[in-house]
Amino acid sequence: MEKTLVLIKPDAMRRRLACTILCRLENIGLKIVALKLLHIDKQLAQKHYAIHREKPFFNDLVDYISSAPIAAAVFEGENAIESVREAMGATDPKKAQAGSIRGDFGVDIEHNSVHGSDSIETAKVEIRLFFNKGEVFSSQSGY
Ligand code: IDP
Ligand code: MG
């Protein structure tokens with residue numbers, strides 16, 4: 001069983017796509033084990049995207065993700081990390097397959113509707129940035 005962090009980004013929240021996106025991930029067999037709405041500050045945004053701090057788009061990305069409330073969720077399931085990445089589609093919506101979340105809803109490479117962790121290590125770090133231990137449940141405990 002893996003856990004992965006999913007963020008519904010401001011562009012999707014503004015267009016009332018949060019439920020639709022969460023549904024798609026439930027429908028591929030993953031379970032929501034944590035969920036909240038939050039308006040993150042720049043400090044948390046910088047930590048979350050720290051790996052991109054040298055990139056030319058870093059400041060815009062931090063401003064964008066902290067510009068409006070987002071939904072943060074932890075999904076759990078077999079192969080959850082790869083399954084979410086596949087369901088999201090390519091980073092650039094123009095290159096994402098039709099039927100993928102970004103292919104169907106993404107606006108452009110920055111406003112691409114959704115975030116999903118890219119490895120077991122990143123997932124652990126990212127989940128801890130957004131949730132306290134007591135806020136994350138597990139399907140292995142009977143839920
Ligand atoms: P990912 O979200 O598919 O894992 P990353 O390369 O980790 O893609 O980039 C993180 C986020 O940074 C992307 O989801 C997107 O919002 C933004 N981003 C990535 N590349 C660009 C770019 O070339 N211009 C603007 N924003 C970008
Ligand atoms: Mg990434």
# chains A, B, ... in the order shown; residues from 1 in each chain; ligands from 1
$ residues_around --residues "Lys124 (chain A)" --least-positions-apart "2" --cutoff "12 Å" --atoms "only C-alpha atoms" --output "VMD selection string"
chain A and resid 2 to 5 48 74 81 116 to 122 126 to 133 136
$ select_by_dssp --residues "region 12-49 of chain A" --states "helix (DSSP H, G or I)" --output "JSON, numbers by chain"
{"A": [12, 13, 14, 18, 19, 20, 21, 22, 23, 24, 25, 26, 27, 42, 43, 44, 45, 46, 47, 48]}
$ residues_around --residues "Arg16 (chain A)" --least-positions-apart "5" --cutoff "12 Å" --atoms "only C-alpha atoms" --output "short mmCIF file (atom, residue, chain, number, x, y, z; two decimals) with all heavy atoms, in the first residue's frame"
data_model
loop_
_atom_site.label_atom_id
_atom_site.label_comp_id
_atom_site.auth_asym_id
_atom_site.auth_seq_id
_atom_site.Cartn_x
_atom_site.Cartn_y
_atom_site.Cartn_z
N ILE A 8 -5.41 19.89 -5.37
CA ILE A 8 -6.26 20.47 -6.41
C ILE A 8 -5.87 21.94 -6.48
O ILE A 8 -6.07 22.70 -5.52
CB ILE A 8 -7.77 20.34 -6.09
CG1 ILE A 8 -8.13 18.91 -5.65
CG2 ILE A 8 -8.61 20.81 -7.26
CD1 ILE A 8 -7.96 17.84 -6.67
N LYS A 9 -5.26 22.33 -7.59
CA LYS A 9 -4.66 23.66 -7.70
C LYS A 9 -5.73 24.75 -7.90
O LYS A 9 -6.88 24.44 -8.28
CB LYS A 9 -3.66 23.66 -8.85
CG LYS A 9 -2.47 22.72 -8.62
CD LYS A 9 -1.44 22.86 -9.73
CE LYS A 9 -0.26 21.94 -9.49
NZ LYS A 9 0.79 22.10 -10.53
N PRO A 10 -5.34 26.03 -7.68
CA PRO A 10 -6.33 27.12 -7.75
C PRO A 10 -7.15 27.16 -9.03
O PRO A 10 -8.35 27.46 -8.98
CB PRO A 10 -5.45 28.38 -7.60
CG PRO A 10 -4.32 27.93 -6.74
CD PRO A 10 -4.03 26.52 -7.20
N ASP A 11 -6.55 26.86 -10.17
CA ASP A 11 -7.34 26.95 -11.43
C ASP A 11 -8.51 25.98 -11.40
O ASP A 11 -9.60 26.30 -11.89
CB ASP A 11 -6.45 26.71 -12.66
CG ASP A 11 -5.92 25.29 -12.75
OD1 ASP A 11 -4.87 24.99 -12.16
OD2 ASP A 11 -6.57 24.45 -13.40
N ILE A 21 -12.24 15.90 -9.89
CA ILE A 21 -10.88 15.35 -9.90
C ILE A 21 -10.72 14.30 -8.80
O ILE A 21 -10.15 13.22 -9.02
CB ILE A 21 -9.85 16.50 -9.79
CG1 ILE A 21 -9.90 17.36 -11.06
CG2 ILE A 21 -8.44 15.95 -9.56
CD1 ILE A 21 -9.10 18.65 -11.01
N LEU A 22 -11.24 14.61 -7.61
CA LEU A 22 -11.16 13.61 -6.52
C LEU A 22 -11.90 12.34 -6.91
O LEU A 22 -11.46 11.22 -6.63
CB LEU A 22 -11.71 14.20 -5.21
CG LEU A 22 -10.91 15.37 -4.63
CD1 LEU A 22 -11.66 16.00 -3.45
CD2 LEU A 22 -9.51 14.94 -4.18
N PRO A 69 -7.42 29.38 -2.20
CA PRO A 69 -7.53 28.10 -1.49
C PRO A 69 -7.36 26.91 -2.44
O PRO A 69 -7.76 26.97 -3.60
CB PRO A 69 -8.95 28.14 -0.92
CG PRO A 69 -9.27 29.59 -0.80
CD PRO A 69 -8.60 30.22 -1.99
N ILE A 70 -6.76 25.87 -1.89
CA ILE A 70 -6.60 24.61 -2.63
C ILE A 70 -7.14 23.47 -1.77
O ILE A 70 -7.35 23.64 -0.57
CB ILE A 70 -5.11 24.32 -2.98
CG1 ILE A 70 -4.25 24.25 -1.70
CG2 ILE A 70 -4.56 25.38 -3.93
CD1 ILE A 70 -2.83 23.78 -1.93
N ALA A 71 -7.38 22.34 -2.40
CA ALA A 71 -7.71 21.14 -1.63
C ALA A 71 -6.48 20.26 -1.60
O ALA A 71 -5.80 20.10 -2.62
CB ALA A 71 -8.87 20.39 -2.29
N PHE A 105 -8.71 19.03 -18.22
CA PHE A 105 -9.03 20.24 -17.47
C PHE A 105 -7.90 21.26 -17.38
O PHE A 105 -8.15 22.41 -17.03
CB PHE A 105 -9.44 19.88 -16.02
CG PHE A 105 -10.55 18.88 -15.94
CD1 PHE A 105 -10.38 17.68 -15.26
CD2 PHE A 105 -11.77 19.12 -16.56
CE1 PHE A 105 -11.41 16.75 -15.18
CE2 PHE A 105 -12.80 18.20 -16.49
CZ PHE A 105 -12.62 17.00 -15.81
N SER A 113 -4.01 22.21 -12.95
CA SER A 113 -5.15 21.66 -12.19
C SER A 113 -4.82 20.76 -11.01
O SER A 113 -5.58 20.69 -10.06
CB SER A 113 -6.12 20.89 -13.12
OG SER A 113 -6.58 21.72 -14.14
#
$ residues_near_ligand --ligand "ligand 1" --cutoff "9 Å" --atoms "only C-alpha atoms and all ligand atoms" --output "NGL selection string"
:A and (9 or 49 or 51-52 or 55-58 or 60-62 or 64-65 or 85 or 88-92 or 108-118)
$ write_last_selection --atoms "C-alpha atoms" --output "PDB file, in the first residue's frame"
ATOM      1  CA  LYS A   9      -4.662  23.661  -7.698  1.00  0.00           C
ATOM      2  CA  TYR A  49       8.316  23.175  -4.615  1.00  0.00           C
ATOM      3  CA  ILE A  51      13.230  21.043  -5.821  1.00  0.00           C
ATOM      4  CA  HIS A  52      12.345  23.655  -8.473  1.00  0.00           C
ATOM      5  CA  LYS A  55      13.976  27.047 -12.266  1.00  0.00           C
ATOM      6  CA  PRO A  56      12.907  30.250 -14.065  1.00  0.00           C
ATOM      7  CA  PHE A  57       9.235  29.563 -13.256  1.00  0.00           C
ATOM      8  CA  PHE A  58       9.771  29.042  -9.499  1.00  0.00           C
ATOM      9  CA  ASP A  60       5.476  32.401 -10.490  1.00  0.00           C
ATOM     10  CA  LEU A  61       4.681  28.864  -9.369  1.00  0.00           C
ATOM     11  CA  VAL A  62       4.940  29.815  -5.687  1.00  0.00           C
ATOM     12  CA  TYR A  64       0.208  30.850  -8.140  1.00  0.00           C
ATOM     13  CA  ILE A  65      -0.158  27.939  -5.703  1.00  0.00           C
ATOM     14  CA  ARG A  85       0.629  10.258 -12.026  1.00  0.00           C
ATOM     15  CA  MET A  88      -3.067  13.199 -14.063  1.00  0.00           C
ATOM     16  CA  GLY A  89      -1.315  12.977 -17.432  1.00  0.00           C
ATOM     17  CA  ALA A  90       1.708  14.938 -18.632  1.00  0.00           C
ATOM     18  CA  THR A  91       2.743  18.159 -16.845  1.00  0.00           C
ATOM     19  CA  ASP A  92       1.851  20.219 -19.921  1.00  0.00           C
ATOM     20  CA  ASP A 108      -1.546  25.568 -19.469  1.00  0.00           C
ATOM     21  CA  ILE A 109       1.723  24.176 -18.130  1.00  0.00           C
ATOM     22  CA  GLU A 110       1.536  26.260 -14.941  1.00  0.00           C
ATOM     23  CA  HIS A 111      -2.225  26.101 -14.387  1.00  0.00           C
ATOM     24  CA  ASN A 112      -2.430  22.340 -14.785  1.00  0.00           C
ATOM     25  CA  SER A 113      -5.145  21.656 -12.195  1.00  0.00           C
ATOM     26  CA  VAL A 114      -3.498  19.013 -10.043  1.00  0.00           C
ATOM     27  CA  HIS A 115      -0.347  17.936  -8.214  1.00  0.00           C
ATOM     28  CA  GLY A 116       0.659  14.379  -7.401  1.00  0.00           C
ATOM     29  CA  SER A 117       3.799  13.173  -5.618  1.00  0.00           C
ATOM     30  CA  ASP A 118       6.397  11.577  -7.894  1.00  0.00           C
TER      31      ASP A 118
END
$ residues_around --residues "Asn27 (chain A)" --least-positions-apart "3" --cutoff "12 Å" --atoms "only C-alpha atoms" --output "list in words"
Cys19, Thr20, Ile21, Leu22, Cys23, Arg24, Leu30, Lys31, Ile32, Phe75, Gly77, Ser83, Val84 and Ala87 of chain A
$ closest_residue --among "A:Leu35, A:Leu7, A:Ala68, A:Ala98" --to "ligand 2" --atoms "only C-alpha atoms and all ligand atoms"
A:Leu7
